file structure_12.cif (mmCIF, C-alpha atoms and all ligand atoms)
data_run
loop_
_atom_site.label_atom_id
_atom_site.label_comp_id
_atom_site.auth_asym_id
_atom_site.auth_seq_id
_atom_site.Cartn_x
_atom_site.Cartn_y
_atom_site.Cartn_z
CA MET P 1 -28.05 -16.26 2.64
CA SER P 2 -27.18 -12.78 1.52
CA THR P 3 -25.76 -13.44 -1.90
CA ILE P 4 -26.23 -10.67 -4.46
CA GLN P 5 -27.04 -11.82 -7.98
CA PHE P 6 -27.00 -9.52 -10.96
CA ASP P 7 -28.84 -11.23 -13.77
CA GLY P 8 -28.73 -9.22 -16.99
CA VAL P 9 -29.11 -6.02 -14.97
CA GLY P 10 -29.17 -2.79 -16.96
CA LYS P 11 -29.78 0.88 -16.43
CA ARG P 12 -30.93 3.00 -19.30
CA TYR P 13 -31.58 6.68 -18.80
CA GLY P 14 -34.34 8.68 -20.45
CA ASN P 15 -31.93 9.90 -23.12
CA GLY P 16 -31.52 6.27 -24.27
CA ALA P 17 -27.94 5.92 -23.03
CA TYR P 18 -26.98 2.91 -20.95
CA ALA P 19 -25.04 3.55 -17.76
CA VAL P 20 -24.84 -0.20 -17.11
CA ARG P 21 -25.70 -2.93 -19.56
CA ASP P 22 -26.40 -6.65 -19.22
CA LEU P 23 -24.54 -7.01 -15.95
CA SER P 24 -24.38 -10.63 -14.75
CA PHE P 25 -22.35 -11.89 -11.82
CA THR P 26 -22.87 -13.20 -8.31
CA ILE P 27 -21.43 -11.97 -5.03
CA GLU P 28 -21.26 -14.88 -2.61
CA ASP P 29 -22.42 -14.75 0.98
CA GLY P 30 -19.74 -13.02 3.06
CA GLU P 31 -17.68 -12.12 0.02
CA PHE P 32 -15.84 -8.81 -0.43
CA MET P 33 -16.45 -7.88 -4.06
CA VAL P 34 -14.85 -4.80 -5.57
CA VAL P 35 -16.23 -3.16 -8.69
CA VAL P 36 -13.52 -1.12 -10.40
CA GLY P 37 -13.21 0.85 -13.61
CA PRO P 38 -12.51 4.33 -14.94
CA SER P 39 -14.69 7.30 -14.11
CA GLY P 40 -18.12 7.13 -15.75
CA CYS P 41 -18.07 3.36 -16.36
CA GLY P 42 -21.22 2.76 -14.31
CA LYS P 43 -19.85 1.75 -10.88
CA SER P 44 -22.01 4.08 -8.81
CA THR P 45 -25.05 3.22 -10.91
CA ALA P 46 -24.54 -0.51 -10.22
CA LEU P 47 -24.16 0.21 -6.52
CA ARG P 48 -27.16 2.53 -6.35
CA MET P 49 -29.31 -0.05 -8.14
CA THR P 50 -28.28 -2.56 -5.47
CA ALA P 51 -29.15 -0.09 -2.72
CA GLY P 52 -32.54 0.64 -4.24
CA LEU P 53 -31.67 4.28 -4.87
CA GLU P 54 -31.89 3.95 -8.65
CA PRO P 55 -34.59 2.03 -10.52
CA ILE P 56 -33.40 -1.03 -12.47
CA THR P 57 -34.61 -0.79 -16.05
CA GLU P 58 -33.57 -4.26 -17.25
CA GLY P 59 -32.87 -7.68 -15.83
CA GLU P 60 -33.21 -9.00 -12.31
CA LEU P 61 -31.38 -8.28 -9.10
CA ARG P 62 -31.68 -10.89 -6.36
CA ILE P 63 -30.54 -10.52 -2.76
CA GLY P 64 -30.50 -13.73 -0.76
CA GLY P 65 -32.23 -15.41 -3.71
CA LYS P 66 -35.17 -12.98 -3.65
CA VAL P 67 -35.87 -10.59 -6.52
CA VAL P 68 -35.60 -7.06 -5.15
CA ASN P 69 -36.23 -4.97 -8.28
CA GLY P 70 -39.46 -3.62 -6.80
CA LEU P 71 -38.26 -3.23 -3.20
CA SER P 72 -37.57 0.21 -1.78
CA ALA P 73 -34.19 1.04 -0.27
CA ARG P 74 -35.41 0.69 3.30
CA ASP P 75 -36.77 -2.80 2.66
CA ARG P 76 -33.49 -4.18 1.31
CA ASP P 77 -31.51 -4.32 4.55
CA VAL P 78 -28.41 -2.75 3.02
CA ALA P 79 -26.14 -0.11 4.54
CA MET P 80 -24.23 2.31 2.37
CA VAL P 81 -21.06 4.35 2.92
CA PHE P 82 -20.34 7.22 0.55
CA GLN P 83 -17.23 9.10 -0.47
CA ASN P 84 -18.33 12.33 1.20
CA TYR P 85 -19.28 10.79 4.59
CA ALA P 86 -22.66 12.60 4.61
CA LEU P 87 -22.54 13.24 8.36
CA TYR P 88 -24.98 15.61 10.05
CA PRO P 89 -22.87 18.57 11.23
CA HIS P 90 -25.21 19.57 14.08
CA MET P 91 -25.23 16.08 15.61
CA THR P 92 -22.60 14.47 17.81
CA VAL P 93 -20.72 11.37 16.74
CA ALA P 94 -23.05 9.26 18.89
CA GLU P 95 -26.14 10.84 17.35
CA ASN P 96 -24.76 10.42 13.85
CA ILE P 97 -24.07 6.74 14.43
CA ALA P 98 -27.45 6.27 16.09
CA PHE P 99 -29.36 8.02 13.33
CA PRO P 100 -30.48 4.97 11.30
CA LEU P 101 -31.63 3.20 14.47
CA ALA P 102 -33.42 6.26 15.87
CA SER P 103 -35.23 6.85 12.59
CA ARG P 104 -36.52 3.28 12.79
CA GLY P 105 -37.84 3.74 16.27
CA ALA P 106 -35.39 1.50 18.13
CA SER P 107 -35.51 1.69 21.93
CA LYS P 108 -33.11 3.97 23.85
CA ASP P 109 -31.40 0.97 25.44
CA GLU P 110 -30.87 -0.79 22.17
CA ILE P 111 -29.52 2.36 20.55
CA ALA P 112 -27.07 2.96 23.39
CA ARG P 113 -25.88 -0.64 23.29
CA ARG P 114 -25.37 -0.76 19.53
CA VAL P 115 -23.72 2.65 19.30
CA ALA P 116 -21.29 1.67 22.07
CA ALA P 117 -20.46 -1.57 20.27
CA ALA P 118 -19.90 0.15 16.90
CA ALA P 119 -17.80 2.88 18.51
CA GLN P 120 -15.72 0.25 20.25
CA THR P 121 -15.14 -1.65 17.00
CA LEU P 122 -14.08 1.54 15.23
CA GLY P 123 -12.04 3.12 18.01
CA LEU P 124 -14.45 6.04 18.37
CA THR P 125 -15.47 5.62 22.00
CA GLU P 126 -13.67 8.73 23.23
CA TYR P 127 -15.11 10.90 20.43
CA LEU P 128 -18.79 10.10 20.90
CA ASP P 129 -19.64 13.58 22.19
CA ARG P 130 -17.79 15.51 19.52
CA ARG P 131 -19.29 17.05 16.42
CA PRO P 132 -17.98 16.08 12.97
CA LYS P 133 -16.08 19.35 12.48
CA ALA P 134 -13.88 18.48 15.47
CA LEU P 135 -12.74 15.23 13.82
CA SER P 136 -10.04 14.37 11.30
CA GLY P 137 -10.97 13.02 7.86
CA GLY P 138 -10.21 9.47 8.91
CA GLN P 139 -12.31 9.78 12.04
CA ARG P 140 -15.21 11.17 10.03
CA GLN P 141 -14.95 8.26 7.64
CA ARG P 142 -15.05 5.94 10.64
CA VAL P 143 -18.22 7.59 11.89
CA ALA P 144 -19.77 7.01 8.47
CA MET P 145 -18.70 3.36 8.75
CA GLY P 146 -20.17 3.24 12.24
CA ARG P 147 -23.51 4.41 10.94
CA ALA P 148 -23.48 1.51 8.46
CA LEU P 149 -22.25 -1.00 11.03
CA VAL P 150 -24.76 -0.12 13.72
CA ARG P 151 -27.64 -1.42 11.63
CA ASP P 152 -26.15 -4.89 11.45
CA PRO P 153 -27.18 -5.08 7.78
CA GLN P 154 -27.20 -8.05 5.42
CA ILE P 155 -25.09 -6.11 2.95
CA PHE P 156 -22.51 -3.33 2.95
CA LEU P 157 -22.32 -1.04 -0.05
CA MET P 158 -19.41 1.38 -0.27
CA ASP P 159 -18.87 3.96 -2.99
CA GLU P 160 -15.27 5.21 -3.07
CA PRO P 161 -15.27 5.67 0.70
CA LEU P 162 -11.54 6.48 0.87
CA SER P 163 -11.19 8.95 -2.00
CA ASN P 164 -11.17 12.00 0.25
CA LEU P 165 -8.40 10.74 2.52
CA ASP P 166 -4.67 11.31 2.11
CA ALA P 167 -2.49 8.39 1.03
CA LYS P 168 -1.33 7.30 4.47
CA LEU P 169 -4.78 7.40 6.00
CA ARG P 170 -6.20 5.62 2.97
CA ASN P 171 -3.81 2.70 3.51
CA GLN P 172 -4.73 2.53 7.16
CA MET P 173 -8.48 2.69 6.51
CA ARG P 174 -8.11 0.06 3.78
CA ALA P 175 -6.71 -2.33 6.34
CA GLU P 176 -9.44 -1.40 8.83
CA ILE P 177 -12.22 -2.01 6.33
CA ILE P 178 -10.72 -5.36 5.33
CA GLY P 179 -10.51 -6.37 9.00
CA LEU P 180 -14.01 -5.17 9.77
CA GLN P 181 -15.53 -6.97 6.81
CA LYS P 182 -13.75 -10.17 7.76
CA GLN P 183 -14.83 -9.90 11.37
CA GLN P 184 -18.47 -9.14 10.55
CA GLY P 185 -18.62 -11.51 7.56
CA VAL P 186 -21.06 -9.19 5.80
CA THR P 187 -21.46 -9.52 2.03
CA THR P 188 -19.82 -6.37 0.67
CA LEU P 189 -19.91 -4.53 -2.62
CA TYR P 190 -17.17 -1.92 -2.74
CA VAL P 191 -16.68 0.54 -5.59
CA THR P 192 -13.43 2.29 -6.51
CA HIS P 193 -11.67 3.68 -9.58
CA ASP P 194 -8.29 2.76 -8.09
CA GLN P 195 -6.95 -0.58 -9.33
CA THR P 196 -4.42 -0.85 -6.48
CA GLU P 197 -7.21 -0.43 -3.94
CA ALA P 198 -9.29 -3.02 -5.79
CA MET P 199 -6.42 -5.51 -5.95
CA THR P 200 -5.52 -5.17 -2.27
CA MET P 201 -9.07 -5.27 -0.91
CA GLY P 202 -11.25 -7.55 -3.01
CA HIS P 203 -11.68 -11.28 -2.61
CA ARG P 204 -12.78 -10.92 -6.20
CA ILE P 205 -12.93 -7.95 -8.52
CA ALA P 206 -15.37 -7.05 -11.28
CA ILE P 207 -13.93 -4.74 -13.92
CA LEU P 208 -16.35 -2.43 -15.71
CA ARG P 209 -15.73 -0.39 -18.81
CA GLY P 210 -18.33 1.76 -20.51
CA GLY P 211 -21.13 0.08 -18.57
CA LEU P 212 -20.02 -3.39 -19.64
CA LEU P 213 -18.52 -6.06 -17.43
CA GLN P 214 -15.08 -7.04 -18.72
CA GLN P 215 -14.02 -9.72 -16.29
CA VAL P 216 -14.68 -11.03 -12.78
CA GLY P 217 -11.96 -12.84 -10.89
CA THR P 218 -9.54 -12.97 -8.00
CA PRO P 219 -6.71 -10.41 -8.11
CA ARG P 220 -4.39 -13.15 -9.28
CA GLU P 221 -6.70 -14.34 -12.08
CA LEU P 222 -7.07 -10.80 -13.40
CA TYR P 223 -3.34 -10.19 -13.22
CA GLU P 224 -2.26 -13.47 -14.78
CA GLN P 225 -5.11 -14.16 -17.17
CA PRO P 226 -6.64 -10.90 -18.34
CA THR P 227 -9.48 -11.61 -20.70
CA ASN P 228 -8.76 -8.65 -22.95
CA LEU P 229 -6.43 -5.73 -23.56
CA PHE P 230 -8.41 -3.39 -21.38
CA VAL P 231 -8.08 -5.59 -18.31
CA ALA P 232 -4.44 -6.31 -19.15
CA ALA P 233 -3.59 -2.61 -19.26
CA PHE P 234 -5.82 -1.59 -16.34
CA VAL P 235 -4.51 -4.05 -13.76
CA GLY P 236 -0.92 -3.77 -12.53
CA SER P 237 1.52 -0.97 -11.86
CA PRO P 238 3.69 -0.24 -13.77
CA ALA P 239 1.29 -1.34 -16.49
CA MET P 240 1.82 -4.34 -18.74
CA ASN P 241 4.06 -3.51 -21.70
CA LEU P 242 2.13 -3.84 -24.94
CA PHE P 243 3.31 -3.70 -28.51
CA ARG P 244 2.06 -4.71 -31.92
CA ALA P 245 3.63 -7.43 -34.02
CA GLU P 246 2.81 -9.80 -36.83
CA PHE P 247 2.66 -13.37 -35.61
CA ARG P 248 3.92 -16.14 -37.90
CA LEU P 249 4.15 -19.88 -37.51
CA THR P 250 7.02 -21.12 -39.67
CA GLU P 251 8.75 -24.46 -40.12
CA THR P 252 11.44 -23.39 -37.70
CA GLY P 253 8.98 -22.22 -35.06
CA PRO P 254 6.90 -19.24 -34.04
CA GLU P 255 8.09 -15.73 -34.88
CA LEU P 256 7.13 -12.19 -34.12
CA LEU P 257 7.73 -9.61 -36.77
CA THR P 258 8.05 -6.21 -35.22
CA ASP P 259 9.62 -2.98 -36.33
CA GLY P 260 11.00 -4.72 -39.41
CA ALA P 261 12.90 -7.30 -37.35
CA VAL P 262 12.13 -10.97 -36.91
CA LEU P 263 12.14 -12.31 -33.39
CA ARG P 264 12.14 -16.09 -33.10
CA LEU P 265 10.37 -17.50 -30.09
CA ASP P 266 11.43 -20.70 -28.34
CA PRO P 267 9.91 -23.41 -30.57
CA GLY P 268 9.40 -25.68 -27.54
CA ALA P 269 7.01 -23.29 -25.81
CA PRO P 270 3.35 -24.24 -25.81
CA LEU P 271 1.25 -21.74 -27.72
CA PRO P 272 -2.49 -21.29 -27.30
CA ALA P 273 -4.66 -22.65 -30.11
CA ALA P 274 -6.35 -19.29 -30.56
CA LEU P 275 -2.93 -17.75 -31.22
CA ARG P 276 -1.98 -20.40 -33.77
CA ALA P 277 -5.10 -19.49 -35.70
CA GLU P 278 -3.77 -15.92 -36.02
CA SER P 279 -0.66 -16.91 -37.96
CA GLY P 280 0.04 -14.30 -40.62
CA HIS P 281 -1.93 -11.62 -38.78
CA ARG P 282 -1.02 -8.62 -36.72
CA ILE P 283 -1.67 -9.07 -33.03
CA VAL P 284 -0.86 -7.25 -29.81
CA VAL P 285 1.79 -8.77 -27.56
CA GLY P 286 1.98 -8.05 -23.84
CA ILE P 287 4.56 -8.73 -21.17
CA ARG P 288 4.59 -7.63 -17.54
CA PRO P 289 7.58 -5.48 -16.49
CA GLU P 290 8.81 -8.15 -14.04
CA HIS P 291 8.95 -10.75 -16.81
CA LEU P 292 11.30 -8.81 -19.08
CA SER P 293 14.96 -9.67 -19.03
CA PHE P 294 17.98 -8.85 -21.16
CA ALA P 295 18.99 -11.30 -23.87
CA PRO P 296 22.43 -12.82 -23.24
CA PRO P 297 25.09 -11.35 -25.58
CA GLY P 298 24.95 -12.88 -29.03
CA THR P 299 21.39 -14.15 -28.71
CA PRO P 300 18.50 -12.53 -30.53
CA GLY P 301 16.05 -10.30 -28.74
CA LEU P 302 13.66 -7.43 -29.07
CA ALA P 303 15.70 -4.33 -29.90
CA ALA P 304 15.25 -1.56 -27.35
CA GLU P 305 16.88 1.73 -26.54
CA MET P 306 17.87 2.59 -22.98
CA ARG P 307 16.32 5.76 -21.55
CA MET P 308 16.84 5.85 -17.81
CA ILE P 309 16.95 3.77 -14.67
CA GLU P 310 14.74 4.55 -11.71
CA GLU P 311 16.03 3.01 -8.50
CA LEU P 312 13.30 1.98 -6.07
CA PRO P 313 15.04 -0.43 -3.68
CA PRO P 314 14.69 -3.37 -3.58
CA GLU P 315 13.81 -2.92 -7.26
CA LYS P 316 14.76 -0.79 -10.17
CA LEU P 317 12.65 0.19 -13.14
CA VAL P 318 14.56 0.26 -16.41
CA HIS P 319 12.85 2.61 -18.84
CA MET P 320 13.41 1.85 -22.49
CA THR P 321 11.73 2.49 -25.80
CA ILE P 322 11.03 0.11 -28.63
CA GLY P 323 10.68 1.01 -32.25
CA ALA P 324 8.19 2.14 -34.74
CA ASP P 325 5.49 -0.45 -35.20
CA THR P 326 4.52 -0.34 -31.62
CA PRO P 327 2.82 2.51 -29.84
CA MET P 328 0.14 1.23 -27.54
CA THR P 329 0.16 1.69 -23.84
CA GLY P 330 2.14 0.16 -21.03
CA GLY P 331 5.52 1.40 -20.01
CA GLY P 332 3.74 2.71 -16.94
CA GLN P 333 1.48 4.94 -19.00
CA PRO P 334 -2.09 5.40 -17.82
CA VAL P 335 -4.68 3.63 -19.90
CA ASP P 336 -6.23 5.73 -22.61
CA ALA P 337 -9.93 4.93 -22.42
CA ASP P 338 -10.18 4.92 -26.19
CA PHE P 339 -7.13 2.87 -26.94
CA LEU P 340 -9.11 -0.18 -27.97
CA THR P 341 -10.87 1.90 -30.59
CA ASP P 342 -7.52 3.14 -31.76
CA LEU P 343 -6.20 -0.36 -32.23
CA GLY P 344 -6.86 -0.37 -35.93
CA MET P 345 -4.78 2.75 -36.46
CA VAL P 346 -1.08 2.22 -36.52
CA ALA P 347 0.76 5.38 -35.69
CA ALA P 348 4.29 4.35 -36.53
CA ALA P 349 5.94 7.70 -36.10
CA HIS P 350 7.29 7.53 -32.58
CA ARG P 351 8.90 5.05 -30.27
CA ALA P 352 6.91 3.36 -27.52
CA PRO P 353 7.88 3.17 -23.85
CA LEU P 354 8.72 -0.12 -22.21
CA ILE P 355 9.61 -0.85 -18.60
CA ALA P 356 11.55 -3.73 -17.09
CA ARG P 357 11.27 -4.30 -13.36
CA LEU P 358 14.44 -5.85 -12.00
CA GLY P 359 16.11 -6.52 -8.68
CA ILE P 360 18.24 -3.56 -7.62
CA ASP P 361 21.43 -5.63 -8.09
CA THR P 362 20.59 -7.05 -11.51
CA ALA P 363 23.17 -6.04 -14.07
CA VAL P 364 21.97 -3.88 -16.94
CA PRO P 365 23.92 -3.96 -20.22
CA ASP P 366 25.64 -0.78 -21.36
CA GLY P 367 23.30 1.04 -23.71
CA PRO P 368 22.11 2.69 -25.73
CA GLY P 369 21.01 -0.34 -27.78
CA VAL P 370 19.96 -3.45 -25.82
CA ALA P 371 18.16 -6.67 -26.68
CA LEU P 372 15.32 -8.01 -24.57
CA HIS P 373 14.59 -11.67 -24.09
CA LEU P 374 10.91 -12.60 -24.46
CA ASP P 375 9.96 -15.83 -22.73
CA PRO P 376 6.97 -17.11 -24.71
CA ARG P 377 5.49 -18.60 -21.52
CA ARG P 378 5.29 -15.10 -20.09
CA LEU P 379 3.79 -13.43 -23.12
CA HIS P 380 0.16 -12.40 -23.44
CA PHE P 381 -1.36 -12.33 -26.89
CA PHE P 382 -4.38 -10.31 -27.95
CA ARG P 383 -6.37 -10.16 -31.17
CA ALA P 384 -5.83 -6.81 -32.86
CA SER P 385 -9.42 -6.35 -34.03
CA ASP P 386 -11.17 -6.43 -30.64
CA GLY P 387 -8.45 -6.87 -28.03
CA ALA P 388 -9.65 -10.30 -26.90
CA ALA P 389 -6.99 -12.48 -25.26
CA LEU P 390 -5.80 -15.30 -27.53
CA ARG P 391 -5.84 -18.29 -25.19
N1 LIG P 401 -29.32 10.92 -14.32
C1 LIG P 401 -28.56 10.57 -15.36
N2 LIG P 401 -28.99 10.73 -16.63
C2 LIG P 401 -28.24 10.35 -17.69
N3 LIG P 401 -27.02 9.78 -17.59
C3 LIG P 401 -26.52 9.57 -16.35
C4 LIG P 401 -27.26 9.95 -15.17
N4 LIG P 401 -26.51 9.59 -14.09
C5 LIG P 401 -25.37 9.06 -14.56
N5 LIG P 401 -25.37 9.04 -15.92
C6 LIG P 401 -24.31 8.50 -16.79
O1 LIG P 401 -24.14 7.14 -16.51
C7 LIG P 401 -22.76 6.78 -16.65
C8 LIG P 401 -22.26 6.05 -15.42
O2 LIG P 401 -22.23 6.94 -14.32
P1 LIG P 401 -21.71 6.46 -12.88
O3 LIG P 401 -22.40 5.20 -12.52
O4 LIG P 401 -21.84 7.60 -11.96
O5 LIG P 401 -20.17 6.15 -13.18
P2 LIG P 401 -18.94 5.93 -12.16
O6 LIG P 401 -19.49 5.81 -10.78
O7 LIG P 401 -18.29 4.68 -12.65
O8 LIG P 401 -18.02 7.10 -12.34
C9 LIG P 401 -22.01 8.05 -16.94
O9 LIG P 401 -21.77 8.13 -18.32
C10 LIG P 401 -22.97 9.13 -16.51
O10 LIG P 401 -22.79 10.29 -17.26
MG MG P 402 -19.08 6.95 -9.06
#
call {"tool": "encode", "arguments": {"input": "structure_12.cif", "output": "structure tokens"}}
result
Amino acid sequence: MSTIQFDGVGKRYGNGAYAVRDLSFTIEDGEFMVVVGPSGCGKSTALRMTAGLEPITEGELRIGGKVVNGLSARDRDVAMVFQNYALYPHMTVAENIAFPLASRGASKDEIARRVAAAAQTLGLTEYLDRRPKALSGGQRQRVAMGRALVRDPQIFLMDEPLSNLDAKLRNQMRAEIIGLQKQQGVTTLYVTHDQTEAMTMGHRIAILRGGLLQQVGTPRELYEQPTNLFVAAFVGSPAMNLFRAEFRLTETGPELLTDGAVLRLDPGAPLPAALRAESGHRIVVGIRPEHLSFAPPGTPGLAAEMRMIEELPPEKLVHMTIGADTPMTGGGQPVDADFLTDLGMVAAAHRAPLIARLGIDTAVPDGPGVALHLDPRRLHFFRASDGAALR
């Protein structure tokens, strides 16, 4: 019933700039959808358009199959939770939770019943008479949730609701929100800039960049089959290792030419057709830290230099660098928002970081020079010109 359909939805401001452009995807009834992306990518705009707080300038938004472009916020039956709680300081917890019902003229009995139920669900029963300033951050966030819950809405909208909480509380509230959403079965659109939060909470995740949808999928789909370099580098921690290489199909099999060295790939491995078409061209190669291993002595591999080992039982992160023709991102580095634009520019002057994620007991060869085995089945390939995955 309460699906949310974005159909070519856009938001263009008076200055001509798009905050969101041509957004098309569907949130299923009862689904927990997370929209994630760097700051300024249009997440809040998408959410506010859904809430009816921001006019839609292009396309159609349908809730439960009905076009809502022209409907005001109060006619959309959505409840929203913000980052900054937005509680009324002079009201008690009970009054804060009751506010949306009271402002709609619900009866005293109904208000009391619903507030008690919401407080019970959120563990706030004993705090109902307190004012917000006498609550912890997590409790305040729960009151804000209570105010959304009490309305029994068709749709929950949440804009970075956990950003103001410390790490421990954030983890706890994450679990509470997941449980609550599951229990209530309410279609939910949740916005965050934190990819870990997105990956742990969403049934599916929509990744935005610069107002444009990059990919929609389950956490596993995004992790295993990123549609482009941006998604590949954004999802996962430590980030996917990425380096440039020339790809060549030769009579003896596929090869990667990087940093002046030829690396032969297992000729038996299946290679995507789109990659075959790139033979003779420079591409970007990616591999997740957990898929890197050391080449057995005497076998060829990607030459790397050992830097340091970070022990994080039950794992260890082996930090290395690889040579010249490489710098990109990965190696645990945060994503540079402009790195796709920079793709055409090869800065060959410095060495690029690379991380292998191994079991704490896995033997690491004596450095400084080591060779890394690249399993072609674990490699991701991207076109250099636009970063599209070669699949
Ligand atoms: N009133 C406005 N006028 C012009 N541009 C705006 C306005 N509000 C937001 N923007 C721009 O729209 C883009 C998306 O903003 P927003 O949706 O808040 O991003 P996010 O929530 O992902 O950080 C940003 O570039 C922002 O500067
Ligand atoms: Mg925002």
call {"tool": "atom_distance", "arguments": {"input": "structure_12.cif", "atom1": "CA of Val93 in chain P", "atom2": "CA of Met158 in chain P"}}
result
19.8 Å
call {"tool": "residues_around", "arguments": {"input": "structure_12.cif", "residues": "Pro297 in chain P", "least_positions_apart": "2", "cutoff": "10 Å", "atoms": "only C-alpha atoms", "output": "list in words"}}
result
Phe294, Ala295, Thr299, Pro300, Gly301, Pro365, Val370 and Ala371 of chain P
call {"tool": "residues_around", "arguments": {"input": "structure_12.cif", "residues": "Ile355 in chain P", "least_positions_apart": "4", "cutoff": "7 Å", "atoms": "only C-alpha atoms", "output": "ChimeraX atom specification"}}
result
/P:241,289,317-320,331
call {"tool": "atom_distance", "arguments": {"input": "structure_12.cif", "atom1": "CA of Val285 in chain P", "atom2": "CA of Arg220 in chain P"}}
result
19.8 Å
call {"tool": "closest_atom_pairs", "arguments": {"input": "structure_12.cif", "of": "chain P", "to": "ligand MG 402 (chain P)", "cutoff": "9 Å", "atoms": "only C-alpha atoms and all ligand atoms", "output": "JSON lines"}}
result
{"residue": "P:Ser39", "atom": "CA", "partner": "P:MG402", "partner_atom": "MG", "distance": 6.7}
{"residue": "P:Gly40", "atom": "CA", "partner": "P:MG402", "partner_atom": "MG", "distance": 6.8}
{"residue": "P:Cys41", "atom": "CA", "partner": "P:MG402", "partner_atom": "MG", "distance": 8.2}
{"residue": "P:Gly42", "atom": "CA", "partner": "P:MG402", "partner_atom": "MG", "distance": 7.0}
{"residue": "P:Lys43", "atom": "CA", "partner": "P:MG402", "partner_atom": "MG", "distance": 5.6}
{"residue": "P:Ser44", "atom": "CA", "partner": "P:MG402", "partner_atom": "MG", "distance": 4.1}
{"residue": "P:Thr45", "atom": "CA", "partner": "P:MG402", "partner_atom": "MG", "distance": 7.3}
{"residue": "P:Leu47", "atom": "CA", "partner": "P:MG402", "partner_atom": "MG", "distance": 8.8}
{"residue": "P:Asp159", "atom": "CA", "partner": "P:MG402", "partner_atom": "MG", "distance": 6.8}
{"residue": "P:Glu160", "atom": "CA", "partner": "P:MG402", "partner_atom": "MG", "distance": 7.3}
{"residue": "P:Val191", "atom": "CA", "partner": "P:MG402", "partner_atom": "MG", "distance": 7.7}
{"residue": "P:Thr192", "atom": "CA", "partner": "P:MG402", "partner_atom": "MG", "distance": 7.8}
{"residue": "P:His193", "atom": "CA", "partner": "P:MG402", "partner_atom": "MG", "distance": 8.1}
call {"tool": "residues_around", "arguments": {"input": "structure_12.cif", "residues": "range 127-140 of chain P", "least_positions_apart": "5", "cutoff": "6 Å", "atoms": "all atoms listed in the file", "output": "MDAnalysis selection string"}}
result
chainID P and resid 89 92:94
call {"tool": "residues_near_ligand", "arguments": {"input": "structure_12.cif", "ligand": "ligand LIG 401 (chain P)", "cutoff": "12 Å", "atoms": "all atoms listed in the file", "output": "ChimeraX atom specification"}}
result
/P:10-21,35-49,53-55,82-83,158-160,190-194,207-213
call {"tool": "atom_distance", "arguments": {"input": "structure_12.cif", "atom1": "CA of Ala233 in chain P", "atom2": "CA of Gly369 in chain P"}}
result
26.1 Å
call {"tool": "residues_around", "arguments": {"input": "structure_12.cif", "residues": "range 105-119 of chain P", "least_positions_apart": "6", "cutoff": "7 Å", "atoms": "all atoms listed in the file", "output": "PyMOL selection string"}}
result
chain P and resi 94+97-98+125+146+149-150
call {"tool": "decode", "arguments": {"input": "structure_12.cif", "residues": "range 236-247 of chain P", "atoms": "N, CA and C atoms", "output": "PDB file, in the first residue's frame"}}
result
ATOM      1  N   GLY P 236      32.363   0.013   1.993  1.00  0.00           N
ATOM      2  CA  GLY P 236      33.387  -0.899   2.510  1.00  0.00           C
ATOM      3  C   GLY P 236      34.442  -0.160   3.292  1.00  0.00           C
ATOM      4  N   SER P 237      34.913  -0.802   4.364  1.00  0.00           N
ATOM      5  CA  SER P 237      35.928  -0.194   5.211  1.00  0.00           C
ATOM      6  C   SER P 237      36.830  -1.290   5.794  1.00  0.00           C
ATOM      7  N   PRO P 238      38.154  -1.249   5.554  1.00  0.00           N
ATOM      8  CA  PRO P 238      38.870  -0.293   4.715  1.00  0.00           C
ATOM      9  C   PRO P 238      38.363  -0.341   3.272  1.00  0.00           C
ATOM     10  N   ALA P 239      38.565   0.754   2.567  1.00  0.00           N
ATOM     11  CA  ALA P 239      38.034   0.876   1.212  1.00  0.00           C
ATOM     12  C   ALA P 239      38.692  -0.104   0.246  1.00  0.00           C
ATOM     13  N   MET P 240      37.992  -0.342  -0.864  1.00  0.00           N
ATOM     14  CA  MET P 240      38.554  -1.188  -1.914  1.00  0.00           C
ATOM     15  C   MET P 240      39.874  -0.586  -2.396  1.00  0.00           C
ATOM     16  N   ASN P 241      40.872  -1.429  -2.611  1.00  0.00           N
ATOM     17  CA  ASN P 241      42.131  -0.969  -3.199  1.00  0.00           C
ATOM     18  C   ASN P 241      41.919  -0.745  -4.687  1.00  0.00           C
ATOM     19  N   LEU P 242      42.402   0.370  -5.183  1.00  0.00           N
ATOM     20  CA  LEU P 242      42.212   0.699  -6.599  1.00  0.00           C
ATOM     21  C   LEU P 242      43.539   1.140  -7.196  1.00  0.00           C
ATOM     22  N   PHE P 243      43.833   0.649  -8.356  1.00  0.00           N
ATOM     23  CA  PHE P 243      45.036   1.120  -9.046  1.00  0.00           C
ATOM     24  C   PHE P 243      44.816   1.082 -10.548  1.00  0.00           C
ATOM     25  N   ARG P 244      45.614   1.865 -11.250  1.00  0.00           N
ATOM     26  CA  ARG P 244      45.489   1.912 -12.698  1.00  0.00           C
ATOM     27  C   ARG P 244      46.393   0.885 -13.336  1.00  0.00           C
ATOM     28  N   ALA P 245      45.993   0.386 -14.493  1.00  0.00           N
ATOM     29  CA  ALA P 245      46.825  -0.540 -15.242  1.00  0.00           C
ATOM     30  C   ALA P 245      46.352  -0.547 -16.686  1.00  0.00           C
ATOM     31  N   GLU P 246      47.259  -0.978 -17.574  1.00  0.00           N
ATOM     32  CA  GLU P 246      46.814  -1.222 -18.944  1.00  0.00           C
ATOM     33  C   GLU P 246      46.400  -2.681 -19.017  1.00  0.00           C
ATOM     34  N   PHE P 247      45.268  -2.925 -19.626  1.00  0.00           N
ATOM     35  CA  PHE P 247      44.781  -4.295 -19.766  1.00  0.00           C
ATOM     36  C   PHE P 247      45.107  -4.783 -21.171  1.00  0.00           C
TER      37      PHE P 247
END
